[in-house]
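Read through the structure below, which is laid out as structure tokens, and then see the notes.
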Amino acid sequence: MCGVIGFTGNEQAAPIVLQGLRKLEYRGYDSAGMASTMNGTLYFKKDAGRIDDIDTRLKLCELPGNTAIAHTRWATHGGVTQENAHPHLDCTKQIAVVHNGIVENYQELRQILRVRGHVFTSETDTEVIPHLIEEYLKEGSTLEAAIRLASQRLKGSYALLVISVHTPGKILAIRKDNPLVIGTGNRGFFATSDILSLQDCQKVVFLDDGELAILD
């Protein structure tokens, strides 16, 4: 079972998100990764293996910026590889997505997107999501609208966290048939699939199906 967590606030996000990610380990996983944004650049690191081992090799905790999302993956579509670990990016490497759930129509969507010139680097169902968002951004949608439109194309279940260089300092979160919790506190804003990973939060909100939250 996958886990997602994100944080945006007034501190470096990566160490905070890494701490929360460790609290999701009990759910079981085979790979993990993190993405952050700073000064118009998207940074990401991911790999197969245990969180602490990945952090030792790749220094997840050193990703820059005050906004980050992360993921623990239990393989469903695609093997246990670095390429199949989350986060997944669009072609421009300006949008990052972590996803808990299953996209049942991903093969159909993948074929449509390939015809439109999109290049995929993994075997996962999740990777269609950032590419769908990219398509709607090209058509002139805002990121919020693009995420809503993309989510309407997905058959299955999802808890999604999205960051983009187009909206610095923001995490967008949306869910369907998978839990997603928002936490607010003095440090900033959290979004996570499991309330146990929240830290120092004074208020907690459970998103309803179809609700889109903007953490800023």
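Order determines the names: the first chain of the structure tokens is A, the second B, and so forth; residues in each chain are numbered 1 upward, and ligands are numbered 1 upward as they are shown.
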
Any chance you could list, as number ranges by chain, the residues in range 25-209 of chain A that come up alpha helix (DSSP H) when DSSP is run on the backbone?
-> A: 51-58, 106-115, 128-138, 143-152

Just N, CA, C and O atoms for this one: save the residues we selected as a compact mmCIF listing (two decimals), in the first residue's frame.
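Below is the file out_9.txt, written as the result:
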```txt
# COMPACT_ATOMS: atom_id res chain seq x y z
N ILE A 51 13.94 3.57 2.88
CA ILE A 51 14.04 5.02 2.92
C ILE A 51 15.41 5.47 3.41
O ILE A 51 16.04 6.34 2.80
N ASP A 52 15.88 4.91 4.51
CA ASP A 52 17.16 5.35 5.06
C ASP A 52 18.31 5.04 4.11
O ASP A 52 19.27 5.81 4.00
N ASP A 53 18.24 3.90 3.41
CA ASP A 53 19.28 3.57 2.45
C ASP A 53 19.27 4.54 1.27
O ASP A 53 20.32 4.96 0.79
N ILE A 54 18.06 4.87 0.81
CA ILE A 54 17.94 5.83 -0.30
C ILE A 54 18.46 7.19 0.13
O ILE A 54 19.18 7.87 -0.62
N ASP A 55 18.12 7.60 1.35
CA ASP A 55 18.60 8.89 1.85
C ASP A 55 20.12 8.91 1.97
O ASP A 55 20.77 9.90 1.66
N THR A 56 20.69 7.80 2.39
CA THR A 56 22.16 7.71 2.49
C THR A 56 22.81 7.85 1.12
O THR A 56 23.81 8.56 0.96
N ARG A 57 22.23 7.19 0.12
CA ARG A 57 22.79 7.24 -1.24
C ARG A 57 22.54 8.57 -1.94
O ARG A 57 23.44 9.14 -2.57
N LEU A 58 21.31 9.07 -1.85
CA LEU A 58 20.89 10.20 -2.68
C LEU A 58 20.71 11.51 -1.92
O LEU A 58 20.53 12.55 -2.55
N TYR A 106 -5.10 3.41 -17.53
CA TYR A 106 -3.84 4.07 -17.86
C TYR A 106 -3.30 3.66 -19.22
O TYR A 106 -2.65 4.48 -19.91
N GLN A 107 -3.54 2.44 -19.65
CA GLN A 107 -3.04 2.02 -20.97
C GLN A 107 -3.70 2.84 -22.08
O GLN A 107 -3.03 3.26 -23.03
N GLU A 108 -4.99 3.03 -21.97
CA GLU A 108 -5.71 3.84 -22.96
C GLU A 108 -5.20 5.28 -22.96
O GLU A 108 -4.94 5.86 -24.02
N LEU A 109 -5.03 5.85 -21.78
CA LEU A 109 -4.54 7.23 -21.68
C LEU A 109 -3.11 7.34 -22.18
O LEU A 109 -2.74 8.31 -22.85
N ARG A 110 -2.30 6.36 -21.87
CA ARG A 110 -0.91 6.36 -22.32
C ARG A 110 -0.83 6.38 -23.85
O ARG A 110 -0.01 7.11 -24.42
N GLN A 111 -1.68 5.60 -24.49
CA GLN A 111 -1.67 5.56 -25.95
C GLN A 111 -2.09 6.90 -26.54
O GLN A 111 -1.48 7.40 -27.50
N ILE A 112 -3.11 7.52 -25.97
CA ILE A 112 -3.56 8.83 -26.43
C ILE A 112 -2.44 9.85 -26.29
O ILE A 112 -2.17 10.66 -27.19
N LEU A 113 -1.76 9.83 -25.15
CA LEU A 113 -0.71 10.80 -24.89
C LEU A 113 0.52 10.56 -25.76
O LEU A 113 1.17 11.51 -26.20
N ARG A 114 0.84 9.30 -26.04
CA ARG A 114 1.96 8.99 -26.93
C ARG A 114 1.72 9.58 -28.32
O ARG A 114 2.63 10.12 -28.94
N VAL A 115 0.50 9.46 -28.81
CA VAL A 115 0.16 10.01 -30.12
C VAL A 115 0.39 11.52 -30.14
O VAL A 115 0.76 12.09 -31.17
N VAL A 128 0.84 8.65 -16.29
CA VAL A 128 -0.07 9.36 -17.20
C VAL A 128 -0.57 10.66 -16.58
O VAL A 128 -0.93 11.60 -17.30
N ILE A 129 -0.58 10.76 -15.26
CA ILE A 129 -1.19 11.91 -14.59
C ILE A 129 -0.43 13.21 -14.84
O ILE A 129 -1.04 14.20 -15.28
N PRO A 130 0.90 13.29 -14.60
CA PRO A 130 1.58 14.55 -14.92
C PRO A 130 1.51 14.91 -16.39
O PRO A 130 1.47 16.11 -16.74
N HIS A 131 1.47 13.91 -17.27
CA HIS A 131 1.38 14.20 -18.70
C HIS A 131 0.00 14.75 -19.07
O HIS A 131 -0.11 15.64 -19.92
N LEU A 132 -1.05 14.24 -18.44
CA LEU A 132 -2.38 14.81 -18.66
C LEU A 132 -2.44 16.25 -18.17
O LEU A 132 -2.99 17.12 -18.85
N ILE A 133 -1.86 16.51 -17.01
CA ILE A 133 -1.83 17.88 -16.49
C ILE A 133 -1.07 18.79 -17.45
O ILE A 133 -1.51 19.91 -17.75
N GLU A 134 0.05 18.30 -17.96
CA GLU A 134 0.83 19.06 -18.94
C GLU A 134 -0.01 19.42 -20.16
O GLU A 134 0.05 20.56 -20.67
N GLU A 135 -0.80 18.46 -20.65
CA GLU A 135 -1.65 18.70 -21.81
C GLU A 135 -2.63 19.85 -21.56
O GLU A 135 -2.80 20.74 -22.39
N TYR A 136 -3.27 19.84 -20.40
CA TYR A 136 -4.26 20.88 -20.10
C TYR A 136 -3.59 22.24 -19.86
O TYR A 136 -4.17 23.28 -20.19
N LEU A 137 -2.38 22.23 -19.32
CA LEU A 137 -1.65 23.49 -19.19
C LEU A 137 -1.33 24.07 -20.56
O LEU A 137 -1.42 25.29 -20.77
N LYS A 138 -0.97 23.22 -21.51
CA LYS A 138 -0.70 23.68 -22.87
C LYS A 138 -1.92 24.33 -23.50
O LYS A 138 -1.80 25.24 -24.33
N LEU A 143 -3.12 25.60 -13.27
CA LEU A 143 -2.73 24.30 -12.72
C LEU A 143 -3.90 23.67 -11.98
O LEU A 143 -4.14 22.46 -12.10
N GLU A 144 -4.65 24.48 -11.22
CA GLU A 144 -5.80 23.94 -10.49
C GLU A 144 -6.81 23.33 -11.44
O GLU A 144 -7.30 22.21 -11.23
N ALA A 145 -7.13 24.05 -12.52
CA ALA A 145 -8.09 23.53 -13.50
C ALA A 145 -7.54 22.31 -14.21
O ALA A 145 -8.27 21.35 -14.47
N ALA A 146 -6.24 22.32 -14.53
CA ALA A 146 -5.62 21.19 -15.22
C ALA A 146 -5.70 19.93 -14.38
O ALA A 146 -5.95 18.83 -14.90
N ILE A 147 -5.49 20.07 -13.07
CA ILE A 147 -5.57 18.90 -12.18
C ILE A 147 -6.99 18.38 -12.11
O ILE A 147 -7.23 17.16 -12.16
N ARG A 148 -7.96 19.27 -12.01
CA ARG A 148 -9.36 18.83 -12.00
C ARG A 148 -9.71 18.10 -13.29
O ARG A 148 -10.34 17.04 -13.28
N LEU A 149 -9.33 18.67 -14.43
CA LEU A 149 -9.64 18.07 -15.72
C LEU A 149 -8.95 16.72 -15.87
O LEU A 149 -9.54 15.75 -16.36
N ALA A 150 -7.68 16.66 -15.45
CA ALA A 150 -6.95 15.40 -15.54
C ALA A 150 -7.59 14.34 -14.66
O ALA A 150 -7.74 13.17 -15.06
N SER A 151 -7.98 14.71 -13.45
CA SER A 151 -8.57 13.73 -12.52
C SER A 151 -9.88 13.17 -13.06
O SER A 151 -10.23 12.01 -12.79
N GLN A 152 -10.60 13.97 -13.82
CA GLN A 152 -11.87 13.50 -14.40
C GLN A 152 -11.65 12.46 -15.49
O GLN A 152 -12.59 11.73 -15.84
```

Residue contacts of range 173-189 of chain A (10 Å, only C-alpha atoms) excluding same-chain residues fewer than 4 positions away, as a VMD selection string = chain A and resid 3 to 11 13 16 66 to 67 97 to 102 144 147 to 148 151 154 to 163 193 to 195 197 to 216

Write out as a list in words the residues lying within 8 Å of Glu127 in chain A, counting only C-alpha atoms and excluding same-chain residues fewer than 4 positions away.
->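 These residues fall inside the cut-off: His88, Leu89, Asp90, Phe120, Ser122 and His131 of chain A.
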
Residues as selected, N, CA, C and O atoms, written as a short mmCIF file (atom, residue, chain, number, x, y, z; two decimals), in the first residue's frame, can you do that?
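Below you can see part_26.cif, which holds the result:
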```cif
data_model
loop_
_atom_site.label_atom_id
_atom_site.label_comp_id
_atom_site.auth_asym_id
_atom_site.auth_seq_id
_atom_site.Cartn_x
_atom_site.Cartn_y
_atom_site.Cartn_z
N HIS A 88 6.56 11.07 -10.26
CA HIS A 88 6.62 11.03 -11.71
C HIS A 88 6.44 12.44 -12.25
O HIS A 88 5.72 13.26 -11.67
N LEU A 89 7.12 12.69 -13.38
CA LEU A 89 7.18 14.04 -13.95
C LEU A 89 6.56 14.07 -15.34
O LEU A 89 6.41 13.04 -15.99
N ASP A 90 6.25 15.28 -15.79
CA ASP A 90 5.81 15.49 -17.16
C ASP A 90 7.02 15.60 -18.08
O ASP A 90 8.17 15.50 -17.64
N PHE A 120 7.23 8.42 -22.21
CA PHE A 120 7.12 7.84 -20.88
C PHE A 120 8.43 7.15 -20.51
O PHE A 120 9.09 6.53 -21.35
N SER A 122 8.58 5.21 -17.47
CA SER A 122 8.31 4.15 -16.50
C SER A 122 7.23 3.23 -17.04
O SER A 122 6.63 3.49 -18.09
N HIS A 131 1.47 13.91 -17.27
CA HIS A 131 1.38 14.20 -18.70
C HIS A 131 0.00 14.75 -19.07
O HIS A 131 -0.11 15.64 -19.92
#
```

Quick one: everything within 8 Å of Ala70 in chain A, counting only C-alpha atoms, minus sequence neighbours fewer than 2 positions away in the same chain. Send it as a ChimeraX atom specification.
-> /A:4-6,17-18,21,32-35,68,72,86-87,98

Export of the given selection (N, CA, C and O atoms) as a short mmCIF file (atom, residue, chain, number, x, y, z; two decimals), in the first residue's frame:
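Below is the file that was written, selection_15.cif:
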```cif
data_model
loop_
_atom_site.label_atom_id
_atom_site.label_comp_id
_atom_site.auth_asym_id
_atom_site.auth_seq_id
_atom_site.Cartn_x
_atom_site.Cartn_y
_atom_site.Cartn_z
N VAL A 4 1.64 8.83 0.69
CA VAL A 4 2.07 10.12 0.16
C VAL A 4 2.12 11.13 1.29
O VAL A 4 1.34 11.05 2.24
N ILE A 5 3.04 12.08 1.17
CA ILE A 5 3.12 13.17 2.14
C ILE A 5 3.74 14.38 1.46
O ILE A 5 4.61 14.24 0.59
N GLY A 6 3.26 15.56 1.84
CA GLY A 6 3.84 16.81 1.34
C GLY A 6 3.81 17.87 2.41
O GLY A 6 3.02 17.80 3.37
N VAL A 17 9.55 16.45 5.46
CA VAL A 17 8.84 15.43 4.69
C VAL A 17 9.49 14.06 4.90
O VAL A 17 8.79 13.04 4.99
N LEU A 18 10.81 14.02 4.98
CA LEU A 18 11.50 12.75 5.21
C LEU A 18 11.09 12.14 6.54
O LEU A 18 10.87 10.92 6.65
N LEU A 21 7.76 10.72 6.04
CA LEU A 21 7.82 9.55 5.17
C LEU A 21 8.19 8.30 5.97
O LEU A 21 7.66 7.22 5.73
N ALA A 32 11.01 4.52 -2.80
CA ALA A 32 10.58 5.81 -2.26
C ALA A 32 11.25 6.94 -3.03
O ALA A 32 12.27 6.73 -3.70
N GLY A 33 10.68 8.14 -2.91
CA GLY A 33 11.27 9.29 -3.59
C GLY A 33 10.65 10.59 -3.12
O GLY A 33 9.65 10.59 -2.39
N MET A 34 11.26 11.67 -3.54
CA MET A 34 10.84 13.00 -3.11
C MET A 34 11.10 14.01 -4.23
O MET A 34 12.04 13.85 -5.01
N ALA A 35 10.25 15.05 -4.29
CA ALA A 35 10.46 16.16 -5.22
C ALA A 35 10.24 17.47 -4.48
O ALA A 35 9.44 17.54 -3.55
N ALA A 68 7.77 20.45 -0.72
CA ALA A 68 8.20 19.12 -1.17
C ALA A 68 7.08 18.12 -1.02
O ALA A 68 6.20 18.26 -0.15
N THR A 72 6.03 6.59 -0.72
CA THR A 72 6.50 5.21 -0.58
C THR A 72 5.65 4.35 -1.50
O THR A 72 4.42 4.45 -1.48
N HIS A 86 8.10 6.72 -7.44
CA HIS A 86 7.53 8.07 -7.51
C HIS A 86 8.52 9.05 -6.87
O HIS A 86 9.31 8.64 -6.02
N PRO A 87 8.46 10.32 -7.19
CA PRO A 87 7.47 11.03 -8.00
C PRO A 87 7.65 10.76 -9.50
O PRO A 87 8.73 10.34 -9.95
N VAL A 98 2.84 12.61 -6.92
CA VAL A 98 2.86 11.36 -6.18
C VAL A 98 1.42 10.90 -6.04
O VAL A 98 0.50 11.70 -5.91
#
```

Between CA of Cys61 in chain A and CA of Gly78 in chain A, distance in Å (one decimal) = 26.5 Å

Which is closer to Thr92 in chain A than all the others in A:Leu42, A:Leu63, A:Ala75, A:Ala48, using only C-alpha atoms?
-> A:Leu42

For Tyr29 in chain A, the nearest of the candidates A:Gly49, A:Gly117, A:Thr41, A:Gln12, counting only C-alpha atoms |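 When distances to Tyr29 in chain A are compared using only C-alpha atoms, the smallest one comes from A:Gly49.
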
Step one, run DSSP on the backbone; step two, keep only residues of chain A assigned to strand (DSSP E); then write them as a ChimeraX atom specification.
-> /A:3-9,31-38,41-48,67-73,88-89,95-103,156-164,171-176,181-184,188-192,203-206,212-215
